[in-house]
Structure formats: C-alpha cells, structure tokens
file work_29.cif (mmCIF, C-alpha atoms)
data_run
loop_
_atom_site.group_PDB
_atom_site.id
_atom_site.type_symbol
_atom_site.label_atom_id
_atom_site.label_comp_id
_atom_site.auth_asym_id
_atom_site.auth_seq_id
_atom_site.Cartn_x
_atom_site.Cartn_y
_atom_site.Cartn_z
ATOM 1 C CA MET A 1 126.622 -0.438 65.515
ATOM 2 C CA SER A 2 125.579 -2.235 68.678
ATOM 3 C CA ASP A 3 122.812 -4.826 68.716
ATOM 4 C CA SER A 4 120.581 -2.585 70.810
ATOM 5 C CA LYS A 5 120.959 0.320 68.366
ATOM 6 C CA ALA A 6 120.254 -1.928 65.374
ATOM 7 C CA LYS A 7 117.222 -3.412 67.118
ATOM 8 C CA GLY A 8 116.042 0.045 68.132
ATOM 9 C CA SER A 9 116.217 1.364 64.580
ATOM 10 C CA LYS A 10 114.210 -1.643 63.334
ATOM 11 C CA ASP A 11 111.598 -1.008 66.010
ATOM 12 C CA ALA A 12 111.470 2.665 65.036
ATOM 13 C CA ARG A 13 110.504 1.676 61.494
ATOM 14 C CA LYS A 14 107.603 -0.497 62.565
ATOM 15 C CA VAL A 15 104.360 1.135 61.616
ATOM 16 C CA PRO A 16 100.938 0.344 63.053
ATOM 17 C CA MET A 17 99.523 -0.975 59.799
ATOM 18 C CA ARG A 18 99.579 -3.977 57.494
ATOM 19 C CA ASP A 19 102.804 -5.023 55.841
ATOM 20 C CA PHE A 20 103.616 -3.102 52.653
ATOM 21 C CA SER A 21 103.384 -6.319 50.625
ATOM 22 C CA GLN A 22 99.748 -6.617 51.759
ATOM 23 C CA SER A 23 98.777 -3.096 50.640
ATOM 24 C CA LEU A 24 95.765 -3.273 48.305
ATOM 25 C CA PRO A 25 96.734 -0.111 46.382
ATOM 26 C CA MET A 26 100.235 -1.521 45.808
ATOM 27 C CA ALA A 27 98.877 -4.915 44.739
ATOM 28 C CA LEU A 28 96.589 -3.181 42.240
ATOM 29 C CA LEU A 29 99.484 -1.048 40.956
ATOM 30 C CA ARG A 30 101.701 -4.128 40.552
ATOM 31 C CA ALA A 31 98.944 -5.926 38.636
ATOM 32 C CA ARG A 32 98.294 -2.843 36.490
ATOM 33 C CA GLU A 33 101.989 -2.588 35.674
ATOM 34 C CA ALA A 34 102.154 -6.278 34.727
ATOM 35 C CA VAL A 35 99.174 -5.824 32.403
ATOM 36 C CA MET A 36 100.367 -2.559 30.864
ATOM 37 C CA ARG A 37 103.796 -4.071 30.217
ATOM 38 C CA GLN A 38 102.004 -6.303 27.695
ATOM 39 C CA PHE A 39 100.304 -3.396 25.896
ATOM 40 C CA ARG A 40 102.998 -0.686 25.867
ATOM 41 C CA PRO A 41 105.063 -2.025 22.935
ATOM 42 C CA ASN A 42 101.950 -2.065 20.713
ATOM 43 C CA LEU A 43 101.054 1.489 21.734
ATOM 44 C CA ARG A 44 104.618 2.712 21.215
ATOM 45 C CA ALA A 45 104.709 1.107 17.765
ATOM 46 C CA HIS A 46 101.798 3.401 16.854
ATOM 47 C CA GLY A 47 103.287 6.499 18.503
ATOM 48 C CA LEU A 48 100.887 6.472 21.455
ATOM 49 C CA THR A 49 101.249 6.802 25.196
ATOM 50 C CA GLU A 50 98.946 4.966 27.595
ATOM 51 C CA GLN A 51 97.117 8.186 28.386
ATOM 52 C CA GLN A 52 96.629 9.079 24.712
ATOM 53 C CA TRP A 53 95.230 5.611 24.056
ATOM 54 C CA ARG A 54 92.902 5.921 27.045
ATOM 55 C CA ILE A 55 91.547 9.183 25.654
ATOM 56 C CA LEU A 56 91.095 7.801 22.140
ATOM 57 C CA ARG A 57 89.297 4.725 23.505
ATOM 58 C CA ALA A 58 87.008 6.885 25.626
ATOM 59 C CA LEU A 59 86.218 9.147 22.663
ATOM 60 C CA ALA A 60 85.556 6.178 20.378
ATOM 61 C CA ALA A 61 82.825 5.029 22.778
ATOM 62 C CA VAL A 62 80.776 8.249 22.458
ATOM 63 C CA ASP A 63 79.658 10.667 19.762
ATOM 64 C CA ALA A 64 81.003 13.644 21.701
ATOM 65 C CA ILE A 65 81.952 14.424 25.287
ATOM 66 C CA GLU A 66 82.585 17.518 27.378
ATOM 67 C CA VAL A 67 86.210 17.982 28.430
ATOM 68 C CA THR A 68 85.612 17.661 32.192
ATOM 69 C CA GLU A 69 83.594 14.484 31.656
ATOM 70 C CA LEU A 70 86.416 13.057 29.532
ATOM 71 C CA ALA A 71 88.863 13.799 32.349
ATOM 72 C CA ARG A 72 86.593 11.883 34.731
ATOM 73 C CA VAL A 73 86.071 8.800 32.547
ATOM 74 C CA ALA A 74 89.730 8.652 31.450
ATOM 75 C CA PHE A 75 91.011 9.200 35.018
ATOM 76 C CA LEU A 76 93.202 12.142 34.096
ATOM 77 C CA LEU A 77 93.704 15.446 35.824
ATOM 78 C CA GLY A 78 92.644 18.529 33.872
ATOM 79 C CA PRO A 79 96.135 19.940 33.241
ATOM 80 C CA SER A 80 97.396 16.569 31.990
ATOM 81 C CA LEU A 81 94.348 16.126 29.784
ATOM 82 C CA SER A 82 94.806 19.605 28.284
ATOM 83 C CA ARG A 83 98.430 18.867 27.389
ATOM 84 C CA ILE A 84 97.582 15.473 25.884
ATOM 85 C CA LEU A 85 94.632 16.888 23.931
ATOM 86 C CA ARG A 86 96.848 19.563 22.378
ATOM 87 C CA ASP A 87 99.065 16.814 20.969
ATOM 88 C CA LEU A 88 96.150 14.657 19.800
ATOM 89 C CA GLU A 89 94.520 17.679 18.123
ATOM 90 C CA ALA A 90 97.798 18.637 16.410
ATOM 91 C CA ARG A 91 98.000 15.081 15.061
ATOM 92 C CA GLY A 92 94.412 15.311 13.804
ATOM 93 C CA LEU A 93 93.214 12.441 16.010
ATOM 94 C CA VAL A 94 90.585 14.403 17.930
ATOM 95 C CA GLN A 95 88.326 17.351 17.181
ATOM 96 C CA ARG A 96 87.227 20.085 19.548
ATOM 97 C CA GLU A 97 84.124 22.201 19.111
ATOM 98 C CA VAL A 98 82.379 24.744 21.280
ATOM 99 C CA ASP A 99 79.319 23.432 23.107
ATOM 100 C CA ALA A 100 76.283 25.047 21.423
ATOM 101 C CA ARG A 101 74.443 25.216 24.787
ATOM 102 C CA ASP A 102 77.363 26.750 26.706
ATOM 103 C CA MET A 103 79.952 28.607 24.651
ATOM 104 C CA ARG A 104 82.474 28.388 27.526
ATOM 105 C CA ARG A 105 82.686 24.611 27.281
ATOM 106 C CA GLY A 106 84.537 22.481 24.776
ATOM 107 C CA VAL A 107 83.141 19.277 23.337
ATOM 108 C CA LEU A 108 85.475 16.626 22.000
ATOM 109 C CA SER A 109 85.069 13.822 19.510
ATOM 110 C CA ILE A 110 87.387 11.399 17.806
ATOM 111 C CA SER A 111 88.259 12.194 14.199
ATOM 112 C CA THR A 112 88.169 9.828 11.244
ATOM 113 C CA LYS A 113 91.964 9.682 11.453
ATOM 114 C CA GLY A 114 91.666 8.755 15.154
ATOM 115 C CA LEU A 115 89.224 5.965 14.335
ATOM 116 C CA LYS A 116 91.611 4.659 11.659
ATOM 117 C CA LEU A 117 94.429 4.615 14.218
ATOM 118 C CA ILE A 118 92.250 2.654 16.653
ATOM 119 C CA ALA A 119 91.499 0.180 13.853
ATOM 120 C CA GLN A 120 95.255 -0.271 13.341
ATOM 121 C CA VAL A 121 96.008 -0.760 17.042
ATOM 122 C CA ALA A 122 92.969 -2.940 17.826
ATOM 123 C CA PRO A 123 94.057 -6.277 16.292
ATOM 124 C CA ASN A 124 97.278 -6.426 18.323
ATOM 125 C CA SER A 125 95.467 -5.166 21.398
ATOM 126 C CA GLU A 126 92.853 -7.908 21.090
ATOM 127 C CA ALA A 127 95.606 -10.489 20.551
ATOM 128 C CA ILE A 128 97.244 -9.313 23.778
ATOM 129 C CA TYR A 129 93.914 -9.660 25.591
ATOM 130 C CA ALA A 130 93.576 -13.184 24.202
ATOM 131 C CA THR A 131 97.070 -14.076 25.423
ATOM 132 C CA ILE A 132 96.308 -12.723 28.885
ATOM 133 C CA ALA A 133 93.033 -14.684 28.972
ATOM 134 C CA ARG A 134 94.810 -17.847 27.851
ATOM 135 C CA ARG A 135 97.624 -17.482 30.404
ATOM 136 C CA TYR A 136 95.492 -16.368 33.342
ATOM 137 C CA GLY A 137 92.281 -18.139 32.385
ATOM 138 C CA ALA A 138 89.234 -16.633 30.689
ATOM 139 C CA ARG A 139 86.923 -17.473 33.606
ATOM 140 C CA LYS A 140 89.341 -16.073 36.155
ATOM 141 C CA LEU A 141 89.731 -12.914 34.065
ATOM 142 C CA ALA A 142 85.943 -12.478 33.840
ATOM 143 C CA ALA A 143 85.663 -13.080 37.591
ATOM 144 C CA LEU A 144 88.435 -10.536 38.217
ATOM 145 C CA HIS A 145 86.603 -7.917 36.123
ATOM 146 C CA LYS A 146 83.440 -8.621 38.101
ATOM 147 C CA MET A 147 85.193 -8.442 41.471
ATOM 148 C CA LEU A 148 86.996 -5.219 40.578
ATOM 149 C CA GLY A 149 83.676 -3.673 39.517
ATOM 150 C CA GLU A 150 82.079 -4.802 42.770
ATOM 151 C CA LEU A 151 85.010 -3.427 44.786
ATOM 152 C CA GLU A 152 84.734 -0.089 43.004
ATOM 153 C CA GLN A 153 80.983 0.081 43.643
ATOM 154 C CA SER A 154 81.238 -0.963 47.281
ATOM 155 C CA ILE A 155 83.769 1.703 48.209
ATOM 156 C CA GLY A 156 82.247 4.481 46.146
ATOM 157 C CA GLY A 157 84.066 4.432 42.826
ATOM 158 C CA GLY A 158 84.119 7.324 40.411
ATOM 159 C CA GLY A 159 86.441 9.514 42.451
ATOM 160 C CA GLU A 160 89.002 12.044 41.364
ATOM 161 C CA ALA A 161 91.613 11.225 38.771
ATOM 162 C CA ASP A 162 95.140 10.537 39.919
ATOM 163 C CA ALA A 163 98.097 11.978 38.071
ATOM 164 C CA GLY A 164 100.330 9.189 39.345
ATOM 165 C CA ASP A 165 100.584 7.447 35.990
ATOM 166 C CA ASP A 166 100.710 10.486 33.746
ATOM 167 C CA GLU A 167 103.826 10.507 31.569
#
call {"tool": "encode", "arguments": {"input": "work_29.cif", "output": "structure tokens"}}
result
Amino acid sequence: MSDSKAKGSKDARKVPMRDFSQSLPMALLRAREAVMRQFRPNLRAHGLTEQQWRILRALAAVDAIEVTELARVAFLLGPSLSRILRDLEARGLVQREVDARDMRRGVLSISTKGLKLIAQVAPNSEAIYATIARRYGARKLAALHKMLGELEQSIGGGGEADAGDDE
C-alpha cells in the first residue's frame, strides 16, 4: 500500500470528537469493570449474578416495591428484570404479590431466604469494600461517591435502564 493510501485511510478514520481514551462513558465502564471484578467471585460462590444481587439489594432496602419501580432503581430493562425475577422466585429468594390498590400490578419483596442469602454474602462483600477503600483511599472513595452523585444530579440522573450489562 502506498504512503498516500495509508495516510488517506488514517485520515478517513479521524472523527470530529475527543479521543476514545478520553470518553467519559468508557472511563466509567472501565472503572465499573475493575470494581465488579473484585465482587464477582463472591457472588458466583453464592450462585448469584450481578443483576440478581442488584435486585436482592434493592429489595432488602424496602418493605415492598412495584415491579416497574424496581426496574428503575436496579437499572434493568423490564424484559431482563422479568427473566431474573422468575429465577429468583423459583429459588424462593423473592416474593410477588398483587398490589391491593391495582390488581394489574405486582409488588415484590425479599423473602426470609433472600435475607439469609444477603447475610451470607455481606461479610465478604464488606471485606471487598474495605480492601478497595484501603487500596484507593477511604477519603478518595468518599469523594468519588460524592462527585459521581453530583455528576448524576447535574446531568439529570434517573434515566432509563441500559441492558448493556445484562447477562
């Protein structure tokens, strides 16, 4: 290939935007992956996927929650959530009831068995958090949480779920 063709093909790939390595979404995904790499073995040891754990954690924080609200807080698309809930229900980790005010809606809660599973996973999870805080720095980690919350608020957080990380 001639030098002019090679140069031309490089020029054709130039895009009028920041370098890929400076992409905020990619930086956040890389950081998320680095963090989740620490937690996955613990989840797998208890037969859980990241998404299942996210649902159980969300349910443990409330008495009961409507399915669409759970999808929003757990950042899962409806079809993915439905599939995951079927498995969690079959395992007896969550309970579904009909909403007394609107019979068309389902209300979910975590079961006693689900709470026991969280209690089993929690010690290792907290140890992983402690390791991350020790390696990265507790103050820096707190500042990062604060900055991420501020970023989310400033650009209008609370948007649609993304199926990108579903199994």
call {"tool": "residues_around", "arguments": {"input": "work_29.cif", "residues": "Val35 in chain A", "least_positions_apart": "4", "cutoff": "12 Å", "atoms": "only C-alpha atoms", "output": "list of chain:residue names"}}
result
A:Leu28, A:Leu29, A:Arg30, A:Ala31, A:Phe39, A:Arg40, A:Pro41, A:Glu50, A:Ser125, A:Ile128, A:Tyr129, A:Thr131, A:Ile132, A:Ala133, A:Arg135, A:Tyr136, A:Leu141
call {"tool": "atom_distance", "arguments": {"input": "work_29.cif", "atom1": "CA of Gln52 in chain A", "atom2": "CA of Arg104 in chain A"}}
result
24.1 Å
call {"tool": "residues_around", "arguments": {"input": "work_29.cif", "residues": "Ala71 in chain A", "least_positions_apart": "3", "cutoff": "9 Å", "atoms": "only C-alpha atoms", "output": "PyMOL selection string"}}
result
chain A and resi 55+66-68+74-78+80-81+161
call {"tool": "axis_aligned_box", "arguments": {"input": "work_29.cif", "around": "range 138-156 of chain A", "padding_each_side": "3 Å", "output": "AutoDock Vina command-line options"}}
result
--center_x 85.4 --center_y -6.5 --center_z 39.4 --size_x 14.7 --size_y 28.0 --size_z 23.5
call {"tool": "residues_near_point", "arguments": {"input": "work_29.cif", "point": "(83.1, 13.3, 24.7)", "cutoff": "12 Å", "atoms": "all atoms listed in the file", "output": "MDAnalysis selection string"}}
result
chainID A and resid 55:74 94:99 105:111
call {"tool": "write_last_selection", "arguments": {"input": "work_29.cif", "atoms": "C-alpha atoms", "output": "tab-separated table (two decimals), keeping the file's coordinate frame"}}
result
chain	number	residue	atom	x	y	z
A	55	ILE	CA	91.55	9.18	25.65
A	56	LEU	CA	91.10	7.80	22.14
A	57	ARG	CA	89.30	4.72	23.50
A	58	ALA	CA	87.01	6.88	25.63
A	59	LEU	CA	86.22	9.15	22.66
A	60	ALA	CA	85.56	6.18	20.38
A	61	ALA	CA	82.82	5.03	22.78
A	62	VAL	CA	80.78	8.25	22.46
A	63	ASP	CA	79.66	10.67	19.76
A	64	ALA	CA	81.00	13.64	21.70
A	65	ILE	CA	81.95	14.42	25.29
A	66	GLU	CA	82.58	17.52	27.38
A	67	VAL	CA	86.21	17.98	28.43
A	68	THR	CA	85.61	17.66	32.19
A	69	GLU	CA	83.59	14.48	31.66
A	70	LEU	CA	86.42	13.06	29.53
A	71	ALA	CA	88.86	13.80	32.35
A	72	ARG	CA	86.59	11.88	34.73
A	73	VAL	CA	86.07	8.80	32.55
A	74	ALA	CA	89.73	8.65	31.45
A	94	VAL	CA	90.58	14.40	17.93
A	95	GLN	CA	88.33	17.35	17.18
A	96	ARG	CA	87.23	20.08	19.55
A	97	GLU	CA	84.12	22.20	19.11
A	98	VAL	CA	82.38	24.74	21.28
A	99	ASP	CA	79.32	23.43	23.11
A	105	ARG	CA	82.69	24.61	27.28
A	106	GLY	CA	84.54	22.48	24.78
A	107	VAL	CA	83.14	19.28	23.34
A	108	LEU	CA	85.48	16.63	22.00
A	109	SER	CA	85.07	13.82	19.51
A	110	ILE	CA	87.39	11.40	17.81
A	111	SER	CA	88.26	12.19	14.20
call {"tool": "closest_residue", "arguments": {"input": "work_29.cif", "among": "A:Gly114, A:Gly149, A:Pro123, A:Pro16", "to": "Arg91 in chain A", "atoms": "all atoms listed in the file"}}
result
A:Gly114
call {"tool": "residues_near_point", "arguments": {"input": "work_29.cif", "point": "(99.0, 15.5, 23.4)", "cutoff": "12 Å", "atoms": "all atoms listed in the file", "output": "ChimeraX atom specification"}}
result
/A:47-56,79-94,166-167
call {"tool": "write_last_selection", "arguments": {"input": "work_29.cif", "atoms": "C-alpha atoms", "output": "compact mmCIF listing (two decimals), in the coordinates of the input"}}
result
# COMPACT_ATOMS: atom_id res chain seq x y z
CA GLY A 47 103.29 6.50 18.50
CA LEU A 48 100.89 6.47 21.46
CA THR A 49 101.25 6.80 25.20
CA GLU A 50 98.95 4.97 27.60
CA GLN A 51 97.12 8.19 28.39
CA GLN A 52 96.63 9.08 24.71
CA TRP A 53 95.23 5.61 24.06
CA ARG A 54 92.90 5.92 27.04
CA ILE A 55 91.55 9.18 25.65
CA LEU A 56 91.10 7.80 22.14
CA PRO A 79 96.14 19.94 33.24
CA SER A 80 97.40 16.57 31.99
CA LEU A 81 94.35 16.13 29.78
CA SER A 82 94.81 19.60 28.28
CA ARG A 83 98.43 18.87 27.39
CA ILE A 84 97.58 15.47 25.88
CA LEU A 85 94.63 16.89 23.93
CA ARG A 86 96.85 19.56 22.38
CA ASP A 87 99.06 16.81 20.97
CA LEU A 88 96.15 14.66 19.80
CA GLU A 89 94.52 17.68 18.12
CA ALA A 90 97.80 18.64 16.41
CA ARG A 91 98.00 15.08 15.06
CA GLY A 92 94.41 15.31 13.80
CA LEU A 93 93.21 12.44 16.01
CA VAL A 94 90.58 14.40 17.93
CA ASP A 166 100.71 10.49 33.75
CA GLU A 167 103.83 10.51 31.57
call {"tool": "closest_residue", "arguments": {"input": "work_29.cif", "among": "A:Arg101, A:Arg32, A:Arg44, A:Lys140", "to": "Val121 in chain A", "atoms": "all atoms listed in the file"}}
result
A:Arg44
call {"tool": "atom_distance", "arguments": {"input": "work_29.cif", "atom1": "CA of His145 in chain A", "atom2": "CA of Ala34 in chain A"}}
result
15.7 Å
